[in-house]
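As stored in model.pdb (PDB, C-alpha atoms and all ligand atoms):
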```
ATOM      1  CA  MET A   5    -157.024 138.625 -47.475  1.00  0.00           C
ATOM      2  CA  GLU A   6    -153.656 136.849 -47.109  1.00  0.00           C
ATOM      3  CA  ASN A   7    -151.964 140.202 -47.533  1.00  0.00           C
ATOM      4  CA  GLN A   8    -154.063 141.671 -44.762  1.00  0.00           C
ATOM      5  CA  ILE A   9    -153.074 138.816 -42.451  1.00  0.00           C
ATOM      6  CA  VAL A  10    -149.404 139.451 -43.252  1.00  0.00           C
ATOM      7  CA  GLN A  11    -149.882 143.149 -42.440  1.00  0.00           C
ATOM      8  CA  GLN A  12    -151.587 142.352 -39.138  1.00  0.00           C
ATOM      9  CA  ALA A  13    -148.735 140.054 -38.143  1.00  0.00           C
ATOM     10  CA  ILE A  14    -146.221 142.761 -39.115  1.00  0.00           C
ATOM     11  CA  GLU A  15    -148.050 145.254 -36.884  1.00  0.00           C
ATOM     12  CA  GLN A  16    -147.884 142.745 -34.037  1.00  0.00           C
ATOM     13  CA  LEU A  17    -144.125 142.383 -34.564  1.00  0.00           C
ATOM     14  CA  LYS A  18    -143.706 146.163 -34.539  1.00  0.00           C
ATOM     15  CA  ASP A  19    -145.629 146.348 -31.259  1.00  0.00           C
ATOM     16  CA  GLU A  20    -143.098 143.917 -29.838  1.00  0.00           C
ATOM     17  CA  ASN A  21    -140.266 146.105 -31.164  1.00  0.00           C
ATOM     18  CA  VAL A  22    -139.127 143.374 -33.544  1.00  0.00           C
ATOM     19  CA  ARG A  23    -137.237 144.711 -36.552  1.00  0.00           C
ATOM     20  CA  ILE A  24    -138.834 143.704 -39.861  1.00  0.00           C
ATOM     21  CA  THR A  25    -136.010 142.431 -42.047  1.00  0.00           C
ATOM     22  CA  PRO A  26    -136.691 141.216 -45.605  1.00  0.00           C
ATOM     23  CA  GLN A  27    -135.857 137.670 -44.478  1.00  0.00           C
ATOM     24  CA  ARG A  28    -138.211 137.873 -41.540  1.00  0.00           C
ATOM     25  CA  TYR A  29    -140.924 139.175 -43.835  1.00  0.00           C
ATOM     26  CA  ALA A  30    -140.346 136.353 -46.331  1.00  0.00           C
ATOM     27  CA  ILE A  31    -140.592 133.679 -43.616  1.00  0.00           C
ATOM     28  CA  LEU A  32    -143.782 135.164 -42.283  1.00  0.00           C
ATOM     29  CA  GLU A  33    -145.281 135.472 -45.755  1.00  0.00           C
ATOM     30  CA  TYR A  34    -144.401 131.867 -46.566  1.00  0.00           C
ATOM     31  CA  LEU A  35    -146.057 130.644 -43.374  1.00  0.00           C
ATOM     32  CA  ILE A  36    -149.225 132.563 -44.073  1.00  0.00           C
ATOM     33  CA  GLU A  37    -149.436 131.493 -47.708  1.00  0.00           C
ATOM     34  CA  HIS A  38    -148.612 127.828 -47.039  1.00  0.00           C
ATOM     35  CA  ARG A  39    -150.866 126.411 -44.365  1.00  0.00           C
ATOM     36  CA  SER A  40    -149.319 122.982 -44.843  1.00  0.00           C
ATOM     37  CA  HIS A  41    -147.484 123.180 -41.475  1.00  0.00           C
ATOM     38  CA  PRO A  42    -144.003 123.447 -42.990  1.00  0.00           C
ATOM     39  CA  THR A  43    -140.760 122.584 -41.210  1.00  0.00           C
ATOM     40  CA  ALA A  44    -137.936 125.148 -40.879  1.00  0.00           C
ATOM     41  CA  ASP A  45    -136.114 123.161 -43.551  1.00  0.00           C
ATOM     42  CA  GLU A  46    -138.973 123.441 -46.046  1.00  0.00           C
ATOM     43  CA  ILE A  47    -139.198 127.184 -45.529  1.00  0.00           C
ATOM     44  CA  TYR A  48    -135.438 127.508 -45.882  1.00  0.00           C
ATOM     45  CA  HIS A  49    -135.462 125.708 -49.232  1.00  0.00           C
ATOM     46  CA  ALA A  50    -138.390 127.780 -50.446  1.00  0.00           C
ATOM     47  CA  ILE A  51    -136.681 131.139 -49.831  1.00  0.00           C
ATOM     48  CA  GLU A  52    -132.940 130.395 -50.050  1.00  0.00           C
ATOM     49  CA  THR A  53    -132.706 131.485 -53.698  1.00  0.00           C
ATOM     50  CA  ARG A  54    -133.956 134.935 -52.685  1.00  0.00           C
ATOM     51  CA  PHE A  55    -131.634 135.116 -49.666  1.00  0.00           C
ATOM     52  CA  PRO A  56    -128.360 133.354 -50.480  1.00  0.00           C
ATOM     53  CA  ASN A  57    -126.925 134.157 -47.025  1.00  0.00           C
ATOM     54  CA  ILE A  58    -129.800 132.732 -45.048  1.00  0.00           C
ATOM     55  CA  SER A  59    -129.350 129.547 -42.983  1.00  0.00           C
ATOM     56  CA  VAL A  60    -131.784 127.005 -41.571  1.00  0.00           C
ATOM     57  CA  ALA A  61    -130.819 128.288 -38.117  1.00  0.00           C
ATOM     58  CA  THR A  62    -131.941 131.823 -39.038  1.00  0.00           C
ATOM     59  CA  VAL A  63    -135.254 130.477 -40.276  1.00  0.00           C
ATOM     60  CA  TYR A  64    -135.642 128.412 -37.139  1.00  0.00           C
ATOM     61  CA  ASN A  65    -134.806 131.325 -34.821  1.00  0.00           C
ATOM     62  CA  ASN A  66    -137.380 133.491 -36.546  1.00  0.00           C
ATOM     63  CA  LEU A  67    -139.999 130.762 -36.215  1.00  0.00           C
ATOM     64  CA  ARG A  68    -139.222 130.506 -32.514  1.00  0.00           C
ATOM     65  CA  LEU A  69    -139.616 134.255 -32.209  1.00  0.00           C
ATOM     66  CA  PHE A  70    -143.027 134.152 -33.944  1.00  0.00           C
ATOM     67  CA  THR A  71    -144.014 131.292 -31.646  1.00  0.00           C
ATOM     68  CA  LYS A  72    -143.014 133.309 -28.584  1.00  0.00           C
ATOM     69  CA  ILE A  73    -145.020 136.304 -29.770  1.00  0.00           C
ATOM     70  CA  GLY A  74    -147.960 133.990 -30.172  1.00  0.00           C
ATOM     71  CA  PHE A  75    -149.251 133.865 -33.725  1.00  0.00           C
ATOM     72  CA  VAL A  76    -147.380 130.718 -34.643  1.00  0.00           C
ATOM     73  CA  ASP A  77    -147.691 127.302 -33.008  1.00  0.00           C
ATOM     74  CA  GLU A  78    -144.718 124.983 -32.898  1.00  0.00           C
ATOM     75  CA  MET A  79    -145.754 121.360 -33.306  1.00  0.00           C
ATOM     76  CA  SER A  80    -142.756 119.575 -31.883  1.00  0.00           C
ATOM     77  CA  TYR A  81    -141.940 115.966 -32.770  1.00  0.00           C
ATOM     78  CA  GLY A  82    -138.762 115.478 -30.813  1.00  0.00           C
ATOM     79  CA  ASP A  83    -135.297 116.773 -31.626  1.00  0.00           C
ATOM     80  CA  ASN A  84    -134.774 118.721 -34.826  1.00  0.00           C
ATOM     81  CA  PHE A  85    -138.224 118.175 -36.125  1.00  0.00           C
ATOM     82  CA  SER A  86    -140.965 120.717 -35.693  1.00  0.00           C
ATOM     83  CA  ARG A  87    -143.756 121.842 -37.920  1.00  0.00           C
ATOM     84  CA  PHE A  88    -144.934 125.442 -37.739  1.00  0.00           C
ATOM     85  CA  ASP A  89    -148.516 126.531 -37.961  1.00  0.00           C
ATOM     86  CA  PHE A  90    -149.709 130.094 -38.443  1.00  0.00           C
ATOM     87  CA  VAL A  91    -152.789 130.111 -36.270  1.00  0.00           C
ATOM     88  CA  THR A  92    -155.716 132.496 -36.636  1.00  0.00           C
ATOM     89  CA  GLU A  93    -158.266 130.178 -35.016  1.00  0.00           C
ATOM     90  CA  PRO A  94    -157.779 127.299 -32.572  1.00  0.00           C
ATOM     91  CA  HIS A  95    -157.992 123.932 -34.303  1.00  0.00           C
ATOM     92  CA  TYR A  96    -156.863 120.322 -34.247  1.00  0.00           C
ATOM     93  CA  HIS A  97    -154.899 118.181 -36.685  1.00  0.00           C
ATOM     94  CA  ALA A  98    -155.398 115.015 -38.702  1.00  0.00           C
ATOM     95  CA  ILE A  99    -152.087 113.443 -39.758  1.00  0.00           C
ATOM     96  CA  CYS A 100    -151.569 110.919 -42.548  1.00  0.00           C
ATOM     97  CA  ARG A 101    -149.438 107.957 -41.513  1.00  0.00           C
ATOM     98  CA  GLU A 102    -148.482 107.324 -45.106  1.00  0.00           C
ATOM     99  CA  CYS A 103    -147.408 110.718 -46.539  1.00  0.00           C
ATOM    100  CA  GLY A 104    -147.190 112.796 -43.358  1.00  0.00           C
ATOM    101  CA  LYS A 105    -149.667 115.418 -44.535  1.00  0.00           C
ATOM    102  CA  VAL A 106    -151.222 117.509 -41.753  1.00  0.00           C
ATOM    103  CA  THR A 107    -154.791 118.723 -42.215  1.00  0.00           C
ATOM    104  CA  ASP A 108    -156.564 121.225 -39.974  1.00  0.00           C
ATOM    105  CA  PHE A 109    -159.972 120.476 -38.560  1.00  0.00           C
ATOM    106  CA  PHE A 110    -162.155 122.706 -36.481  1.00  0.00           C
ATOM    107  CA  TYR A 111    -163.998 121.233 -33.546  1.00  0.00           C
ATOM    108  CA  PRO A 112    -165.258 122.742 -30.290  1.00  0.00           C
ATOM    109  CA  GLY A 113    -162.381 123.092 -27.809  1.00  0.00           C
ATOM    110  CA  LEU A 114    -161.925 120.206 -25.398  1.00  0.00           C
ATOM    111  CA  GLU A 115    -161.814 122.386 -22.274  1.00  0.00           C
ATOM    112  CA  ASP A 116    -163.829 119.780 -20.373  1.00  0.00           C
ATOM    113  CA  VAL A 117    -160.957 117.357 -20.954  1.00  0.00           C
ATOM    114  CA  GLU A 118    -158.594 119.931 -19.454  1.00  0.00           C
ATOM    115  CA  THR A 119    -160.867 120.237 -16.414  1.00  0.00           C
ATOM    116  CA  ALA A 120    -161.058 116.468 -16.036  1.00  0.00           C
ATOM    117  CA  ALA A 121    -157.288 116.128 -16.436  1.00  0.00           C
ATOM    118  CA  SER A 122    -156.753 118.799 -13.827  1.00  0.00           C
ATOM    119  CA  GLN A 123    -159.066 117.035 -11.366  1.00  0.00           C
ATOM    120  CA  LEU A 124    -157.468 113.662 -12.030  1.00  0.00           C
ATOM    121  CA  THR A 125    -153.855 114.782 -11.828  1.00  0.00           C
ATOM    122  CA  GLY A 126    -153.824 117.894  -9.663  1.00  0.00           C
ATOM    123  CA  TYR A 127    -152.035 119.736 -12.496  1.00  0.00           C
ATOM    124  CA  GLN A 128    -152.864 123.310 -13.361  1.00  0.00           C
ATOM    125  CA  ILE A 129    -153.644 122.677 -17.023  1.00  0.00           C
ATOM    126  CA  ASP A 130    -153.359 125.583 -19.464  1.00  0.00           C
ATOM    127  CA  ASP A 131    -153.184 123.992 -22.905  1.00  0.00           C
ATOM    128  CA  HIS A 132    -153.756 120.854 -24.903  1.00  0.00           C
ATOM    129  CA  ARG A 133    -152.971 119.427 -28.297  1.00  0.00           C
ATOM    130  CA  LEU A 134    -154.956 116.831 -30.220  1.00  0.00           C
ATOM    131  CA  GLU A 135    -153.830 114.871 -33.249  1.00  0.00           C
ATOM    132  CA  VAL A 136    -155.685 112.067 -34.946  1.00  0.00           C
ATOM    133  CA  TYR A 137    -153.855 109.636 -37.226  1.00  0.00           C
ATOM    134  CA  GLY A 138    -154.868 107.648 -40.268  1.00  0.00           C
ATOM    135  CA  LEU A 139    -154.772 107.730 -44.058  1.00  0.00           C
ATOM    136  CA  CYS A 140    -155.535 110.910 -45.980  1.00  0.00           C
ATOM    137  CA  PRO A 141    -158.125 110.595 -48.801  1.00  0.00           C
ATOM    138  CA  GLU A 142    -155.385 110.511 -51.468  1.00  0.00           C
ATOM    139  CA  CYS A 143    -153.394 107.773 -49.751  1.00  0.00           C
ATOM    140  CA  ALA A 144    -156.569 105.799 -48.986  1.00  0.00           C
ATOM    141  CA  ALA A 145    -157.543 105.971 -52.678  1.00  0.00           C
ATOM    142  CA  LYS A 146    -154.044 104.867 -53.742  1.00  0.00           C
ATOM    143  CA  LYS A 147    -154.140 101.963 -51.324  1.00  0.00           C
ATOM    144  CA  GLU A 148    -157.547 100.884 -52.539  1.00  0.00           C
ATOM    145  CA  ALA A 149    -156.435 101.088 -56.184  1.00  0.00           C
ATOM    146  CA  ALA A 150    -153.367  98.968 -55.381  1.00  0.00           C
ATOM    147  CA  GLN A 151    -155.511  96.393 -53.611  1.00  0.00           C
ATOM    148  CA  ASN A 152    -157.953  96.243 -56.512  1.00  0.00           C
ATOM    149  CA  LYS A 153    -155.078  95.758 -58.924  1.00  0.00           C
ATOM    150  CA  GLU A 154    -153.731  92.915 -56.809  1.00  0.00           C
ATOM    151  CA  LEU A 155    -157.134  91.241 -56.679  1.00  0.00           C
ATOM    152  CA  LYS A 156    -157.527  91.582 -60.432  1.00  0.00           C
ATOM    153  CA  GLU A 157    -154.091  90.110 -61.094  1.00  0.00           C
ATOM    154  CA  ALA A 158    -154.817  87.223 -58.741  1.00  0.00           C
ATOM    155  CA  ALA A 159    -158.100  86.562 -60.556  1.00  0.00           C
ATOM    156  CA  VAL A 160    -156.387  86.626 -63.963  1.00  0.00           C
ATOM    157  CA  LYS A 161    -153.726  84.222 -62.700  1.00  0.00           C
ATOM    158  CA  LYS A 162    -156.356  81.895 -61.354  1.00  0.00           C
ATOM    159  CA  ALA A 163    -158.340  81.988 -64.608  1.00  0.00           C
ATOM    160  CA  SER A 164    -155.287  81.254 -66.751  1.00  0.00           C
ATOM    161  CA  ALA A 165    -154.267  78.360 -64.494  1.00  0.00           C
ATOM    162  CA  PHE A 166    -157.745  76.986 -64.885  1.00  0.00           C
ATOM    163  CA  GLU A 167    -157.571  77.213 -68.689  1.00  0.00           C
ATOM    164  CA  LYS A 168    -154.431  75.053 -68.710  1.00  0.00           C
TER     165      LYS A 168
HETATM  166 ZN    ZN B   1    -151.408 110.733 -47.209  1.00  0.00          ZN
HETATM  167 MN    MN B   2    -152.915 123.668 -38.266  1.00  0.00          MN
END
```
Output the file's structure in the form of structure tokens.
Amino acid sequence: MENQIVQQAIEQLKDENVRITPQRYAILEYLIEHRSHPTADEIYHAIETRFPNISVATVYNNLRLFTKIGFVDEMSYGDNFSRFDFVTEPHYHAICRECGKVTDFFYPGLEDVETAASQLTGYQIDDHRLEVYGLCPECAAKKEAAQNKELKEAAVKKASAFEK
């Protein structure tokens, strides 16, 4: 399945007359196998042992190329920080405030919001991006465990003060 997706993307690159270098292939493969929305830096560190001459800039330029061709979305967060998402289906993102994890969720497209925005602003709207923020289940569980521990310690302290 993953392999098939890689092959499809390779075909798309060939159609665009993009040369398939081993580095380019490795970046693409990493993106398809790791749907964690990696940064250029993360991809660089994952493949640098296989390609000692590769630089973060090379990785970044390739990601920009994939974005331009259209099968990768760049999620930009200001200068020098973008996450890259290999997209087969439109979707939205939930982002953890604590650990920064990005999780996909699928929900009907908000085209009516685009229409409303267009009517309200006079803009010709052609795209939108939605992110919701909060705590991921793991971080929420950790926080709850920490709170429980605090409560328990407070109760023990109280009890021992009472015994004295
Ligand atoms: Zn988290
Ligand atoms: Mn995504």
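Summary of the local environment: counting all atoms listed in the file, residues at most 7 Å from region 22-38 of chain A, other than itself and those fewer than 6 positions away along its chain, are Glu6, Val10, Ile47, Asn66 and Phe90 of chain A.
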Practice problem: Would you be able to write out as a PyMOL selection string which residues have an atom within 10 Å of (-159.6, 128.7, -31.3) in the file's coordinates, counting all atoms listed in the file? | Solution: chain A and resi 91-96+110-113
Exercise. Report as a list in words the residues that result from applying the PyMOL selection byres (((not hetatm)) within 12 of (chain B and resi 1)) to the structure here.
Key: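 On the file shown, the PyMOL selection byres (((not hetatm)) within 12 of (chain B and resi 1)) covers Ala98, Ile99, Cys100, Arg101, Glu102, Cys103, Gly104, Lys105, Val106, Thr107, Tyr137, Gly138, Leu139, Cys140, Pro141, Glu142, Cys143, Ala144, Ala145, Lys146 and Lys147 of chain A.
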Selection to disk with C-alpha atoms, as a PDB file, in the frame of the given file:
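Generated file (result_14.pdb):
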```
ATOM      1  CA  ALA A  98    -155.398 115.015 -38.702  1.00  0.00           C
ATOM      2  CA  ILE A  99    -152.087 113.443 -39.758  1.00  0.00           C
ATOM      3  CA  CYS A 100    -151.569 110.919 -42.548  1.00  0.00           C
ATOM      4  CA  ARG A 101    -149.438 107.957 -41.513  1.00  0.00           C
ATOM      5  CA  GLU A 102    -148.482 107.324 -45.106  1.00  0.00           C
ATOM      6  CA  CYS A 103    -147.408 110.718 -46.539  1.00  0.00           C
ATOM      7  CA  GLY A 104    -147.190 112.796 -43.358  1.00  0.00           C
ATOM      8  CA  LYS A 105    -149.667 115.418 -44.535  1.00  0.00           C
ATOM      9  CA  VAL A 106    -151.222 117.509 -41.753  1.00  0.00           C
ATOM     10  CA  THR A 107    -154.791 118.723 -42.215  1.00  0.00           C
ATOM     11  CA  TYR A 137    -153.855 109.636 -37.226  1.00  0.00           C
ATOM     12  CA  GLY A 138    -154.868 107.648 -40.268  1.00  0.00           C
ATOM     13  CA  LEU A 139    -154.772 107.730 -44.058  1.00  0.00           C
ATOM     14  CA  CYS A 140    -155.535 110.910 -45.980  1.00  0.00           C
ATOM     15  CA  PRO A 141    -158.125 110.595 -48.801  1.00  0.00           C
ATOM     16  CA  GLU A 142    -155.385 110.511 -51.468  1.00  0.00           C
ATOM     17  CA  CYS A 143    -153.394 107.773 -49.751  1.00  0.00           C
ATOM     18  CA  ALA A 144    -156.569 105.799 -48.986  1.00  0.00           C
ATOM     19  CA  ALA A 145    -157.543 105.971 -52.678  1.00  0.00           C
ATOM     20  CA  LYS A 146    -154.044 104.867 -53.742  1.00  0.00           C
ATOM     21  CA  LYS A 147    -154.140 101.963 -51.324  1.00  0.00           C
TER      22      LYS A 147
END
```
Taking all atoms of region 148-151 of chain A that the file lists, what box with edges along x, y and z, padded by 6 Å per side, do you get, with centre and edge lengths in Å to one decimal, as JSON?
```
{"center_x": -155.5, "center_y": 98.7, "center_z": -54.4, "size_x": 16.2, "size_y": 16.7, "size_z": 15.6}
```
Self-check item: Straight-line distance linking CA of Ala61 (chain A) with CA of Ile73 (chain A), stated in Å to one decimal
Solution: 18.3 Å
Practice problem: Choose the residue, out of A:His132, A:Lys72, A:Arg87, A:Lys161, that has the smallest atom-to-atom separation from ligand MN 2 (chain B); count all atoms listed in the file. | Solution: A:Arg87
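Note that the spacing between CA of Glu15 (chain A) and atom MN of ligand MN 2 (chain B) amounts to 22.2 Å.
When only C-alpha atoms are used to measure the gap to Leu67 (chain A), the shortest distance among A:Ala149, A:Ile14, A:Val136, A:Ala44 belongs to A:Ala44.
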Quiz item: CA of Asn65 (chain A) to CA of Ile9 (chain A): how many Å, to one decimal?
Solution: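 CA of Ile9 (chain A) lies 21.2 Å from CA of Asn65 (chain A).
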Practice problem: Would you please work out which residue, of A:Asn57, A:Phe85, A:Asn21, A:Thr71, is nearest to Asp45 (chain A) when using all atoms listed in the file? | Solution: A:Phe85
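Closest approach to ligand MN 2 (chain B) among A:Ala163, A:Leu69, A:Ala158, A:Leu134: A:Leu134, based on all atoms listed in the file.
Across A:Val76, A:Leu155, A:Val160, A:Ala165, the tightest approach to ligand MN 2 (chain B) is made by A:Val76 when counting all atoms listed in the file.
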Self-check item: Residue nearest ligand MN 2 (chain B) - candidates A:Phe166, A:Tyr81, A:Tyr48, A:Phe88, atoms counted: only C-alpha atoms and all ligand atoms
Solution: A:Phe88
Self-check item: Distance query Glu115 (chain A) at most 10 Å, only C-alpha atoms, self and fewer than 6 positions along chain excluded, as a list in words
Solution: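 The neighbour list is Ala121, Ile129, Asp130, Asp131 and His132 of chain A.
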